[in-house]
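K.L.:
If it helps, the file is called protein14.txt and holds compact mmCIF, C-alpha atoms and all ligand atoms:
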```txt
# COMPACT_ATOMS: atom_id res chain seq x y z
CA MET V 458 -21.51 -0.83 12.89
CA ALA V 459 -22.23 2.86 12.34
CA VAL V 460 -23.26 4.12 8.93
CA ILE V 461 -20.35 5.58 6.99
CA ALA V 462 -20.66 9.33 6.64
CA GLU V 463 -20.60 11.17 3.32
CA ASN V 464 -18.20 13.66 4.82
CA LEU V 465 -15.34 11.14 4.95
CA LYS V 466 -15.07 11.14 1.16
CA VAL V 467 -11.64 11.43 -0.47
CA ASN V 468 -10.81 12.20 -4.07
CA LEU V 469 -7.33 11.02 -4.99
CA ASN V 470 -7.00 13.00 -8.17
CA GLY V 471 -9.90 11.21 -9.85
CA PHE V 472 -10.13 8.05 -7.76
CA VAL V 473 -12.99 8.57 -5.34
CA MET V 474 -13.20 6.67 -2.05
CA GLN V 475 -15.98 6.81 0.54
CA ASN V 476 -13.33 7.21 3.25
CA PRO V 477 -9.52 7.44 3.52
CA ILE V 478 -8.92 3.99 5.06
CA MET V 479 -7.35 1.53 2.64
CA THR V 480 -5.55 -1.78 3.13
CA ALA V 481 -1.98 -2.29 1.94
CA SER V 482 -0.87 -4.59 -0.84
CA GLY V 483 0.26 -8.06 0.17
CA THR V 484 -1.51 -7.95 3.51
CA TYR V 485 -5.07 -8.31 2.27
CA GLY V 486 -4.93 -10.89 -0.51
CA TYR V 487 -7.64 -10.11 -3.02
CA ALA V 488 -10.14 -9.11 -0.29
CA ASP V 489 -12.27 -12.29 -0.29
CA GLU V 490 -9.91 -13.63 2.41
CA TYR V 491 -11.21 -10.93 4.80
CA ASN V 492 -14.93 -11.06 4.06
CA ALA V 493 -15.38 -13.48 6.96
CA PHE V 494 -14.15 -10.81 9.39
CA ILE V 495 -15.56 -7.53 8.12
CA ASP V 496 -17.68 -5.93 5.43
CA VAL V 497 -14.81 -5.02 3.12
CA SER V 498 -17.08 -2.82 0.98
CA LYS V 499 -17.13 -0.29 3.86
CA LEU V 500 -13.43 0.53 3.37
CA GLY V 501 -12.13 3.34 1.21
CA ALA V 502 -10.40 0.78 -0.98
CA ILE V 503 -8.31 -2.33 -0.76
CA VAL V 504 -5.04 -2.72 -2.65
CA THR V 505 -4.55 -6.15 -4.19
CA LYS V 506 -1.46 -8.28 -3.77
CA ALA V 507 1.02 -7.33 -6.51
CA ILE V 508 -0.02 -8.87 -9.83
CA SER V 509 2.50 -9.82 -12.50
CA MET V 510 1.97 -10.97 -16.10
CA SER V 511 2.59 -14.63 -15.24
CA PRO V 512 1.80 -16.34 -11.96
CA ARG V 513 4.74 -16.37 -9.52
CA GLU V 514 5.47 -19.04 -6.93
CA GLY V 515 7.42 -16.73 -4.67
CA ASN V 516 10.46 -17.56 -2.58
CA LYS V 517 11.20 -21.06 -1.31
CA HIS V 518 13.04 -20.14 1.91
CA ILE V 519 11.43 -18.88 5.17
CA ARG V 520 9.11 -16.06 4.12
CA ILE V 521 8.01 -14.46 7.34
CA THR V 522 9.49 -13.85 10.76
CA GLU V 523 8.37 -11.76 13.70
CA THR V 524 10.54 -9.03 15.21
CA LYS V 525 10.08 -7.02 18.41
CA ALA V 526 8.30 -4.18 16.64
CA GLY V 527 6.98 -5.65 13.44
CA MET V 528 7.82 -8.38 10.97
CA ILE V 529 10.12 -9.23 8.09
CA ASN V 530 8.72 -10.77 4.95
CA SER V 531 10.35 -12.25 1.92
CA ILE V 532 7.37 -13.51 -0.03
CA GLY V 533 8.94 -12.92 -3.44
CA LEU V 534 5.75 -11.59 -5.01
CA GLU V 535 3.83 -14.86 -5.11
CA ASN V 536 0.63 -14.13 -7.01
CA VAL V 537 -1.94 -15.66 -9.33
CA GLY V 538 -0.92 -13.65 -12.42
CA ILE V 539 -3.07 -11.26 -14.42
CA ASP V 540 -5.18 -13.83 -16.31
CA VAL V 541 -6.34 -15.64 -13.19
CA PHE V 542 -6.89 -12.32 -11.42
CA LEU V 543 -9.22 -11.15 -14.19
CA ARG V 544 -11.01 -14.49 -14.40
CA ASP V 545 -11.37 -15.44 -10.71
CA LYS V 546 -10.69 -12.46 -8.45
CA LEU V 547 -12.07 -9.44 -10.31
CA PRO V 548 -15.66 -10.82 -10.48
CA ILE V 549 -15.63 -11.32 -6.68
CA LEU V 550 -14.44 -7.76 -6.06
CA LYS V 551 -17.16 -6.46 -8.39
CA LYS V 552 -19.90 -8.68 -6.95
CA ASN V 553 -19.09 -7.54 -3.41
CA ASN V 554 -18.96 -3.88 -4.47
CA ILE V 555 -15.39 -3.47 -3.23
CA ASN V 556 -13.46 -0.41 -4.30
CA PHE V 557 -9.94 -1.52 -5.16
CA VAL V 558 -6.56 -0.50 -6.47
CA MET V 559 -4.58 -3.04 -8.42
CA ASN V 560 -0.94 -3.27 -7.36
CA ILE V 561 1.19 -4.30 -10.34
CA ALA V 562 4.81 -5.46 -10.52
CA GLY V 563 7.07 -6.19 -13.44
CA THR V 564 10.69 -6.83 -14.24
CA THR V 565 10.85 -4.62 -17.34
CA VAL V 566 9.19 -1.41 -18.53
CA ASP V 567 7.40 -3.47 -21.19
CA GLU V 568 5.91 -5.78 -18.57
CA TYR V 569 4.57 -2.84 -16.53
CA VAL V 570 3.19 -1.26 -19.70
CA SER V 571 1.46 -4.49 -20.77
CA LEU V 572 -0.09 -4.88 -17.32
CA ALA V 573 -1.24 -1.26 -17.28
CA LYS V 574 -2.76 -1.61 -20.74
CA ILE V 575 -4.71 -4.68 -19.64
CA CYS V 576 -5.93 -2.74 -16.58
CA ASP V 577 -7.01 0.11 -18.83
CA ASP V 578 -8.85 -2.28 -21.19
CA ASN V 579 -10.63 -3.78 -18.18
CA LYS V 580 -11.57 -0.33 -16.86
CA ILE V 581 -9.71 -0.80 -13.59
CA LYS V 582 -10.05 2.58 -11.91
CA ALA V 583 -6.72 2.75 -10.09
CA ILE V 584 -3.37 1.01 -10.22
CA GLU V 585 -0.44 1.19 -7.83
CA LEU V 586 2.98 0.61 -9.40
CA ASN V 587 5.06 -1.50 -7.09
CA VAL V 588 8.52 -0.18 -7.83
CA SER V 589 9.70 -0.81 -4.34
CA CYS V 590 9.68 -4.50 -3.47
CA PRO V 591 12.94 -5.53 -1.80
CA ASN V 592 12.31 -9.27 -2.11
CA VAL V 593 12.77 -10.06 -5.78
CA LYS V 594 15.96 -10.39 -7.80
CA ALA V 595 15.08 -8.29 -10.85
CA GLY V 596 12.93 -5.25 -11.60
CA CYS V 597 10.75 -3.54 -9.03
CA LEU V 598 13.14 -1.90 -6.58
CA GLU V 599 15.58 -1.05 -9.40
CA PHE V 600 12.99 1.34 -10.84
CA GLY V 601 12.10 2.72 -7.46
CA THR V 602 15.60 3.74 -6.43
CA ASP V 603 16.66 5.67 -9.51
CA GLU V 604 14.78 8.83 -10.43
CA ASN V 605 15.53 8.62 -14.16
CA SER V 606 14.42 4.98 -14.43
CA LEU V 607 11.32 5.82 -12.40
CA PHE V 608 10.49 8.77 -14.65
CA GLU V 609 10.80 6.60 -17.78
CA LEU V 610 8.68 3.85 -16.31
CA VAL V 611 5.87 6.10 -15.06
CA ASN V 612 5.93 8.08 -18.31
CA ALA V 613 5.58 4.88 -20.36
CA VAL V 614 2.73 3.57 -18.19
CA ARG V 615 0.99 6.96 -18.30
CA LYS V 616 0.77 6.71 -22.10
CA VAL V 617 -1.36 3.56 -21.96
CA TYR V 618 -3.27 3.95 -18.70
CA THR V 619 -6.03 6.53 -18.29
CA GLY V 620 -7.13 5.77 -14.72
CA CYS V 621 -5.62 6.88 -11.42
CA LEU V 622 -1.92 6.06 -11.49
CA ILE V 623 -0.37 5.68 -8.04
CA VAL V 624 3.37 5.14 -7.62
CA LYS V 625 4.44 3.31 -4.48
CA LEU V 626 7.73 4.64 -3.19
CA THR V 627 10.47 2.88 -1.29
CA PRO V 628 12.16 4.26 1.83
CA ASN V 629 15.39 2.48 0.80
CA VAL V 630 16.81 5.60 -0.88
CA THR V 631 18.78 8.67 0.13
CA SER V 632 16.15 11.13 -1.08
CA ILE V 633 12.56 9.95 -1.38
CA GLU V 634 11.72 13.53 -2.40
CA LYS V 635 13.59 13.10 -5.72
CA LEU V 636 11.62 9.94 -6.50
CA GLY V 637 8.32 11.63 -5.62
CA ILE V 638 9.13 14.57 -7.88
CA ALA V 639 10.08 12.20 -10.73
CA ALA V 640 6.77 10.32 -10.34
CA GLU V 641 4.76 13.55 -10.36
CA LYS V 642 6.60 14.95 -13.40
CA ALA V 643 6.01 11.71 -15.30
CA GLY V 644 2.26 11.99 -14.78
CA ALA V 645 1.44 10.04 -11.61
CA ASN V 646 -1.89 11.00 -10.01
CA ALA V 647 -0.73 10.11 -6.51
CA VAL V 648 2.12 8.48 -4.62
CA SER V 649 1.97 6.00 -1.77
CA ALA V 650 4.71 5.80 0.84
CA ILE V 651 6.24 3.68 2.16
CA ASN V 652 6.95 0.14 1.12
CA THR V 653 8.99 -2.02 3.50
CA LEU V 654 12.48 -1.22 4.74
CA LYS V 655 15.33 -3.64 4.08
CA GLY V 656 15.74 -5.73 7.20
CA THR V 657 17.42 -8.90 8.47
CA SER V 658 16.49 -10.99 11.48
CA ILE V 659 19.00 -13.42 12.98
CA LYS V 660 17.63 -15.83 15.54
CA LEU V 661 20.34 -17.68 17.47
CA ASN V 662 20.11 -21.02 19.15
CA LEU V 663 23.17 -22.48 20.93
CA ILE V 664 23.17 -26.27 20.75
CA ASN V 665 26.15 -28.19 22.17
CA GLY V 666 28.51 -25.24 21.68
CA LYS V 667 27.43 -24.60 18.07
CA PHE V 668 25.13 -21.80 16.93
CA LYS V 669 22.13 -22.76 14.84
CA LYS V 670 21.09 -19.60 13.02
CA GLU V 671 17.79 -18.71 11.40
CA ILE V 672 18.48 -15.77 9.11
CA VAL V 673 15.63 -14.04 7.30
CA SER V 674 16.28 -11.03 5.11
CA GLY V 675 13.48 -9.11 3.46
CA GLY V 676 11.11 -6.22 3.97
CA TYR V 677 10.62 -4.87 7.47
CA SER V 678 7.10 -3.60 8.24
CA GLY V 679 4.81 -2.89 11.16
CA THR V 680 4.80 -0.60 14.15
CA GLY V 681 8.59 -0.02 14.18
CA ILE V 682 8.62 1.69 10.78
CA LYS V 683 6.01 4.35 11.58
CA PRO V 684 8.46 7.22 12.25
CA VAL V 685 10.30 6.45 8.99
CA ALA V 686 6.99 6.46 7.10
CA ILE V 687 5.79 9.69 8.69
CA SER V 688 9.10 11.31 7.84
CA ALA V 689 8.74 10.19 4.21
CA VAL V 690 5.19 11.54 3.94
CA TYR V 691 6.17 14.79 5.63
CA ARG V 692 9.15 15.37 3.33
CA LEU V 693 7.16 14.43 0.22
CA SER V 694 4.36 16.82 1.17
CA LYS V 695 6.83 19.71 0.99
CA VAL V 696 7.88 18.99 -2.59
CA ILE V 697 4.96 17.47 -4.52
CA ASN V 698 1.42 18.60 -5.23
CA ILE V 699 -0.27 15.28 -5.93
CA PRO V 700 -2.06 13.33 -3.16
CA ILE V 701 0.03 11.17 -0.83
CA ILE V 702 -1.16 7.88 0.65
CA GLY V 703 0.61 7.20 3.96
CA ILE V 704 1.62 3.63 4.83
CA GLY V 705 3.72 2.19 7.62
CA GLY V 706 3.00 0.81 11.06
CA ILE V 707 -0.53 2.19 11.34
CA GLU V 708 -2.55 0.53 14.11
CA THR V 709 -4.66 3.19 15.82
CA LEU V 710 -6.75 6.27 15.04
CA GLU V 711 -3.96 8.36 16.58
CA ASP V 712 -1.55 6.92 13.99
CA VAL V 713 -4.00 7.82 11.20
CA LEU V 714 -4.29 11.41 12.48
CA GLU V 715 -0.50 11.73 12.67
CA PHE V 716 -0.22 10.68 9.02
CA PHE V 717 -2.85 13.28 8.04
CA ALA V 718 -0.91 15.88 10.03
CA ALA V 719 2.23 14.92 8.09
CA GLY V 720 0.42 15.51 4.79
CA ALA V 721 -1.23 12.20 3.89
CA ASP V 722 -4.58 12.34 2.10
CA ALA V 723 -5.40 8.70 2.79
CA VAL V 724 -3.71 5.81 4.59
CA GLN V 725 -3.15 2.11 4.06
CA ILE V 726 -3.12 -0.48 6.83
CA GLY V 727 -0.71 -3.39 6.34
CA THR V 728 0.89 -5.59 8.98
CA ALA V 729 -1.78 -4.75 11.59
CA ASN V 730 -4.33 -6.75 9.51
CA PHE V 731 -2.52 -9.97 10.44
CA THR V 732 -3.13 -9.55 14.17
CA HIS V 733 -6.37 -7.56 13.95
CA PRO V 734 -8.23 -8.49 10.75
CA GLU V 735 -11.10 -6.15 11.65
CA ILE V 736 -8.85 -3.12 12.26
CA SER V 737 -9.54 -1.21 9.03
CA GLU V 738 -13.30 -1.16 9.46
CA LYS V 739 -12.81 -0.19 13.12
CA LEU V 740 -10.67 2.77 12.04
CA VAL V 741 -13.38 3.97 9.63
CA VAL V 742 -15.91 3.96 12.46
CA GLU V 743 -13.53 5.65 14.90
CA LEU V 744 -12.56 8.35 12.40
CA ASN V 745 -16.21 9.06 11.70
CA GLU V 746 -16.96 9.39 15.43
CA TYR V 747 -13.89 11.55 16.04
CA ILE V 748 -15.00 14.01 13.37
CA LYS V 749 -18.54 14.13 14.75
CA ASN V 750 -17.62 14.32 18.45
CA ASN V 751 -15.12 17.12 17.88
CA ASN V 752 -17.47 19.14 15.66
CA PHE V 753 -15.39 19.10 12.50
CA LYS V 754 -17.49 19.66 9.40
CA ASP V 755 -15.80 16.90 7.46
CA LEU V 756 -12.52 15.08 6.85
CA GLU V 757 -11.15 17.99 4.84
CA GLU V 758 -11.64 20.38 7.75
CA LEU V 759 -10.02 17.90 10.15
CA LYS V 760 -7.00 17.58 7.84
CA ARG V 761 -6.71 21.37 7.52
CA GLU V 762 -6.69 21.74 11.31
CA LEU V 763 -4.18 18.93 11.73
CA ARG V 764 -1.81 20.68 9.33
CA ALA V 765 -2.34 24.24 10.60
C1 LIG Y 1 3.57 -10.04 3.85
C2 LIG Y 1 3.68 -8.75 3.10
C3 LIG Y 1 3.55 -8.76 1.71
C4 LIG Y 1 3.64 -7.56 0.99
N1 LIG Y 1 3.48 -7.58 -0.37
C5 LIG Y 1 3.49 -6.41 -1.08
C6 LIG Y 1 3.21 -6.40 -2.46
O1 LIG Y 1 2.92 -7.43 -3.10
N2 LIG Y 1 3.24 -5.19 -3.11
C7 LIG Y 1 3.54 -4.02 -2.45
O2 LIG Y 1 3.55 -2.97 -3.08
N3 LIG Y 1 3.78 -4.01 -1.12
C8 LIG Y 1 3.76 -5.17 -0.42
N4 LIG Y 1 3.97 -5.16 0.94
C9 LIG Y 1 4.24 -3.88 1.63
C10 LIG Y 1 2.97 -3.30 2.28
O3 LIG Y 1 1.98 -3.04 1.32
C11 LIG Y 1 3.29 -2.01 3.08
O4 LIG Y 1 3.79 -1.04 2.19
C12 LIG Y 1 4.30 -2.23 4.18
O5 LIG Y 1 4.09 -3.48 4.82
C13 LIG Y 1 4.28 -1.11 5.22
O6 LIG Y 1 3.04 -1.03 5.87
P1 LIG Y 1 2.74 -1.71 7.32
O7 LIG Y 1 3.85 -1.31 8.24
O8 LIG Y 1 1.40 -1.19 7.73
O9 LIG Y 1 2.73 -3.18 7.08
C14 LIG Y 1 3.89 -6.35 1.68
C15 LIG Y 1 4.02 -6.34 3.08
C16 LIG Y 1 3.91 -7.52 3.79
C17 LIG Y 1 4.04 -7.49 5.30
```
In structure tokens, what does this structure look like?

P.N.:
Amino acid sequence: MAVIAENLKVNLNGFVMQNPIMTASGTYGYADEYNAFIDVSKLGAIVTKAISMSPREGNKHIRITETKAGMINSIGLENVGIDVFLRDKLPILKKNNINFVMNIAGTTVDEYVSLAKICDDNKIKAIELNVSCPNVKAGCLEFGTDENSLFELVNAVRKVYTGCLIVKLTPNVTSIEKLGIAAEKAGANAVSAINTLKGTSIKLNLINGKFKKEIVSGGYSGTGIKPVAISAVYRLSKVINIPIIGIGGIETLEDVLEFFAAGADAVQIGTANFTHPEISEKLVVELNEYIKNNNFKDLEELKRELRA
């Protein structure tokens, strides 16, 4: 693999990454799962699976189903909880020199604040507030769909957390711009967009005149959501001045460039990791070569030209 160039560096309002390629929460575990496939330390950063105060078992019903252009998941935020994360997962991330963002999820403002405080005490450099998960009964999406609730939440977290505060926005709203503005006003350092879209898959099987149905409702992700994600990034870039991390259906270097053109400062790769576990590292190498082969000075110049 080629050496990663200095000129791919990104500064997300205080959170520095060696390149703009990140992996999306819930699709990359806590990174150790992927060490067998790639050198994870070469990525800009990984985002952990959402962490809550207590461990969560997640949903009991079918959690994942494939669709023609992506997948639907209904994991229900299964995770190890903050104590186990700090005890078992954090040391591995540190030992392997992996830059990471901690994705946190709560059901109340107090739970988010407690999690953020613990992150601050443990000097975790960046957190991503998951206010946009469609697969749990309480919390999360409720904050992400109402600008006043979002403002209050981000404002409360800002008071206890001194690192880079990223707010992950949902596309399941009428105006993502209003939510982005609320996050910025409340003190977010960056926003990431988008989380999954609400989706339902119905698979039909006719047996002896009766339909057997497999119905899975949850978050739709993958290649089919890319235009929705680009639209969200593009519209956000017109109304906010903090960095935007683009997420949604990214699989190729062309996709990455399109997100930069729309206004993204960095990108996260999600569903594509499941079919191509090495994809993120490959994108870092390809981006580096693209910049070199086309005589751009650095990533910043490439972004400027893409947006001109
Ligand atoms: C199986 C699965 C689990 C996910 N879990 C989380 C999560 O815990 N927290 C979160 O903020 N987003 C979660 N997401 C959303 C992704 O981080 C990402 O925003 C979304 O999948 C869109 O990107 P993609 O099309 O590249 O997958 C999950 C997505 C999938 C597919």

K.L.:
What does the list of residues within 6 Å of ligand LIG 1 (chain Y) look like if you count all atoms listed in the file, written as an MDAnalysis selection string?

P.N.:
chainID V and resid 481:484 506:507 530 534 587 651:653 678:679 704:707 726:728

K.L.:
Go ahead and write the residues just picked, C-alpha atoms, as a compact mmCIF listing (two decimals), in the coordinates of the input.

P.N.:
```txt
# COMPACT_ATOMS: atom_id res chain seq x y z
CA ALA V 481 -1.98 -2.29 1.94
CA SER V 482 -0.87 -4.59 -0.84
CA GLY V 483 0.26 -8.06 0.17
CA THR V 484 -1.51 -7.95 3.51
CA LYS V 506 -1.46 -8.28 -3.77
CA ALA V 507 1.02 -7.33 -6.51
CA ASN V 530 8.72 -10.77 4.95
CA LEU V 534 5.75 -11.59 -5.01
CA ASN V 587 5.06 -1.50 -7.09
CA ILE V 651 6.24 3.68 2.16
CA ASN V 652 6.95 0.14 1.12
CA THR V 653 8.99 -2.02 3.50
CA SER V 678 7.10 -3.60 8.24
CA GLY V 679 4.81 -2.89 11.16
CA ILE V 704 1.62 3.63 4.83
CA GLY V 705 3.72 2.19 7.62
CA GLY V 706 3.00 0.81 11.06
CA ILE V 707 -0.53 2.19 11.34
CA ILE V 726 -3.12 -0.48 6.83
CA GLY V 727 -0.71 -3.39 6.34
CA THR V 728 0.89 -5.59 8.98
```

K.L.:
Within 6 Å of Ile702 in chain V, counting all atoms listed in the file, which residues qualify if same-chain residues fewer than 2 places away don't, as a ChimeraX atom specification?

P.N.:
/V:649,721-724

K.L.:
Name the closest residue to Leu693 in chain V among the candidates V:Ala650, V:Ile659, V:Val611, V:Val566; distances are taken between atoms, counting all atoms listed in the file.

P.N.:
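Closest to Leu693 in chain V, using all atoms listed in the file: V:Ala650.
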
K.L.:
Might you pull out every residue within 6 Å of range 509-522 of chain V, with all atoms listed in the file counted and same-chain residues fewer than 5 positions away left off, and present them as a ChimeraX atom specification?

P.N.:
/V:528-539,562-563

K.L.:
Mind writing the picked residues with C-alpha atoms as a PDB file, in the frame of the given file?

P.N.:
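Wrote it out as again18.pdb, contents follow:
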```pdb
ATOM      1  CA  MET V 528       7.820  -8.380  10.970  1.00  0.00           C
ATOM      2  CA  ILE V 529      10.120  -9.230   8.090  1.00  0.00           C
ATOM      3  CA  ASN V 530       8.720 -10.770   4.950  1.00  0.00           C
ATOM      4  CA  SER V 531      10.350 -12.250   1.920  1.00  0.00           C
ATOM      5  CA  ILE V 532       7.370 -13.510  -0.030  1.00  0.00           C
ATOM      6  CA  GLY V 533       8.940 -12.920  -3.440  1.00  0.00           C
ATOM      7  CA  LEU V 534       5.750 -11.590  -5.010  1.00  0.00           C
ATOM      8  CA  GLU V 535       3.830 -14.860  -5.110  1.00  0.00           C
ATOM      9  CA  ASN V 536       0.630 -14.130  -7.010  1.00  0.00           C
ATOM     10  CA  VAL V 537      -1.940 -15.660  -9.330  1.00  0.00           C
ATOM     11  CA  GLY V 538      -0.920 -13.650 -12.420  1.00  0.00           C
ATOM     12  CA  ILE V 539      -3.070 -11.260 -14.420  1.00  0.00           C
ATOM     13  CA  ALA V 562       4.810  -5.460 -10.520  1.00  0.00           C
ATOM     14  CA  GLY V 563       7.070  -6.190 -13.440  1.00  0.00           C
TER      15      GLY V 563
END
```

K.L.:
Find, counting all atoms listed in the file, the residue in V:Thr524, V:Asn464, V:Asn751, V:Asn579 that gets nearest to Tyr677 in chain V.

P.N.:
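Closest to Tyr677 in chain V of all the choices is V:Thr524.
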
K.L.:
From the options V:Ala645, V:Val467, V:Ile508, V:Ala689, which residue's atoms come nearest to Asn629 in chain V, counting all atoms listed in the file?

P.N.:
V:Ala689

K.L.:
Can you work out the spacing between CA of Gly703 in chain V and CA of Asn476 in chain V in Å, to one decimal?

P.N.:
14.0 Å

K.L.:
Counting all atoms listed in the file, what is within 12 Å of Val696 in chain V, bar same-chain residues fewer than 5 positions away, as a count of residues only?

P.N.:
16

K.L.:
Using only C-alpha atoms, can you tell me which of V:Ile495, V:Cys576, V:Ala526, V:Leu469 comes closest to Val648 in chain V?

P.N.:
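Ranked by minimum distance to Val648 in chain V, first place goes to V:Leu469.
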
K.L.:
Could you tell me how far CA of Ile748 in chain V lies from CA of Phe472 in chain V, in Å and to one decimal?

P.N.:
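Answer for the CA of Ile748 in chain V to CA of Phe472 in chain V separation: 22.5 Å.
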
K.L.:
Write out as a list in words which residues come within 9 Å of Ile736 in chain V when counting all atoms listed in the file, dropping same-chain ones fewer than 5 positions away.

P.N.:
Glu708, Thr709, Ile726, Ala729, Asn730 and Val741 of chain V

K.L.:
Can you tell me, as a count of residues only, what residues are no more than 8 Å from Ile581 in chain V when counting only C-alpha atoms, ignoring any on the same chain fewer than 6 positions away?

P.N.:
3

K.L.:
Counting only C-alpha atoms, which of V:Asn468, V:Asn612, V:Asn556, V:Ser606 gets nearest to Gly501 in chain V?

P.N.:
V:Asn556

K.L.:
Just to confirm, what's the straight-line distance from CA of Glu757 in chain V to CA of Ile503 in chain V in Å (one decimal)?

P.N.:
21.3 Å

K.L.:
Smallest atom-to-atom distance to Gln475 in chain V: which of V:Glu735, V:Glu715, V:Glu743, V:Glu463, using only C-alpha atoms?

P.N.:
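Checking each candidate against Gln475 in chain V, we get V:Glu463 as the closest.
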
K.L.:
First collect every listed atom of range 700-716 of chain V; then fit an axis-aligned box around them, widen it by 3 Å on each side, and give centre and edge lengths in Å to one decimal, as AutoDock Vina command-line options.

P.N.:
```
--center_x -1.5 --center_y 6.9 --center_z 6.7 --size_x 16.5 --size_y 18.8 --size_z 25.7
```

K.L.:
Within 8 Å of (6.2, -0.5, -10.6) (file coordinates; all atoms listed in the file), which protein or nucleic acid residues are there? I'd like them as a list in words.

P.N.:
Ile561, Ala562, Gly563, Tyr569, Glu585, Leu586, Asn587, Val588, Ser589, Cys597, Phe600, Gly601, Leu610, Val611, Val624 and Lys625 of chain V

K.L.:
Could you pull range 731-742 of chain V out of the block above and give me N, CA, C and O atoms, as a PDB file, in the first residue's frame?

P.N.:
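Contents of part07.pdb, freshly written:
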```pdb
ATOM      1  N   PHE V 731     -19.540  -3.982   4.438  1.00  0.00           N
ATOM      2  CA  PHE V 731     -19.999  -5.370   4.613  1.00  0.00           C
ATOM      3  C   PHE V 731     -19.641  -6.249   3.411  1.00  0.00           C
ATOM      4  O   PHE V 731     -19.376  -7.427   3.564  1.00  0.00           O
ATOM      5  N   THR V 732     -19.651  -5.643   2.214  1.00  0.00           N
ATOM      6  CA  THR V 732     -19.313  -6.442   1.029  1.00  0.00           C
ATOM      7  C   THR V 732     -17.840  -6.287   0.656  1.00  0.00           C
ATOM      8  O   THR V 732     -17.258  -7.176   0.047  1.00  0.00           O
ATOM      9  N   HIS V 733     -17.255  -5.155   1.005  1.00  0.00           N
ATOM     10  CA  HIS V 733     -15.846  -4.893   0.677  1.00  0.00           C
ATOM     11  C   HIS V 733     -15.132  -4.358   1.922  1.00  0.00           C
ATOM     12  O   HIS V 733     -14.951  -3.144   2.054  1.00  0.00           O
ATOM     13  N   PRO V 734     -14.727  -5.241   2.814  1.00  0.00           N
ATOM     14  CA  PRO V 734     -14.146  -4.765   4.087  1.00  0.00           C
ATOM     15  C   PRO V 734     -12.880  -3.930   3.931  1.00  0.00           C
ATOM     16  O   PRO V 734     -12.506  -3.199   4.845  1.00  0.00           O
ATOM     17  N   GLU V 735     -12.255  -4.003   2.753  1.00  0.00           N
ATOM     18  CA  GLU V 735     -11.002  -3.265   2.551  1.00  0.00           C
ATOM     19  C   GLU V 735     -11.254  -1.907   1.870  1.00  0.00           C
ATOM     20  O   GLU V 735     -10.328  -1.154   1.601  1.00  0.00           O
ATOM     21  N   ILE V 736     -12.529  -1.577   1.628  1.00  0.00           N
ATOM     22  CA  ILE V 736     -12.849  -0.443   0.745  1.00  0.00           C
ATOM     23  C   ILE V 736     -12.309   0.911   1.246  1.00  0.00           C
ATOM     24  O   ILE V 736     -11.850   1.732   0.454  1.00  0.00           O
ATOM     25  N   SER V 737     -12.342   1.112   2.553  1.00  0.00           N
ATOM     26  CA  SER V 737     -11.955   2.437   3.075  1.00  0.00           C
ATOM     27  C   SER V 737     -10.471   2.713   2.828  1.00  0.00           C
ATOM     28  O   SER V 737     -10.105   3.809   2.387  1.00  0.00           O
ATOM     29  N   GLU V 738      -9.655   1.709   3.104  1.00  0.00           N
ATOM     30  CA  GLU V 738      -8.215   1.901   2.866  1.00  0.00           C
ATOM     31  C   GLU V 738      -7.953   2.101   1.368  1.00  0.00           C
ATOM     32  O   GLU V 738      -7.124   2.928   0.974  1.00  0.00           O
ATOM     33  N   LYS V 739      -8.705   1.358   0.541  1.00  0.00           N
ATOM     34  CA  LYS V 739      -8.548   1.488  -0.917  1.00  0.00           C
ATOM     35  C   LYS V 739      -8.894   2.932  -1.348  1.00  0.00           C
ATOM     36  O   LYS V 739      -8.197   3.525  -2.181  1.00  0.00           O
ATOM     37  N   LEU V 740      -9.913   3.493  -0.753  1.00  0.00           N
ATOM     38  CA  LEU V 740     -10.311   4.857  -1.120  1.00  0.00           C
ATOM     39  C   LEU V 740      -9.245   5.878  -0.726  1.00  0.00           C
ATOM     40  O   LEU V 740      -9.034   6.862  -1.438  1.00  0.00           O
ATOM     41  N   VAL V 741      -8.579   5.638   0.407  1.00  0.00           N
ATOM     42  CA  VAL V 741      -7.495   6.549   0.819  1.00  0.00           C
ATOM     43  C   VAL V 741      -6.398   6.533  -0.250  1.00  0.00           C
ATOM     44  O   VAL V 741      -5.922   7.591  -0.702  1.00  0.00           O
ATOM     45  N   VAL V 742      -6.026   5.339  -0.666  1.00  0.00           N
ATOM     46  CA  VAL V 742      -4.955   5.198  -1.666  1.00  0.00           C
ATOM     47  C   VAL V 742      -5.387   5.848  -2.985  1.00  0.00           C
ATOM     48  O   VAL V 742      -4.627   6.614  -3.601  1.00  0.00           O
TER      49      VAL V 742
END
```
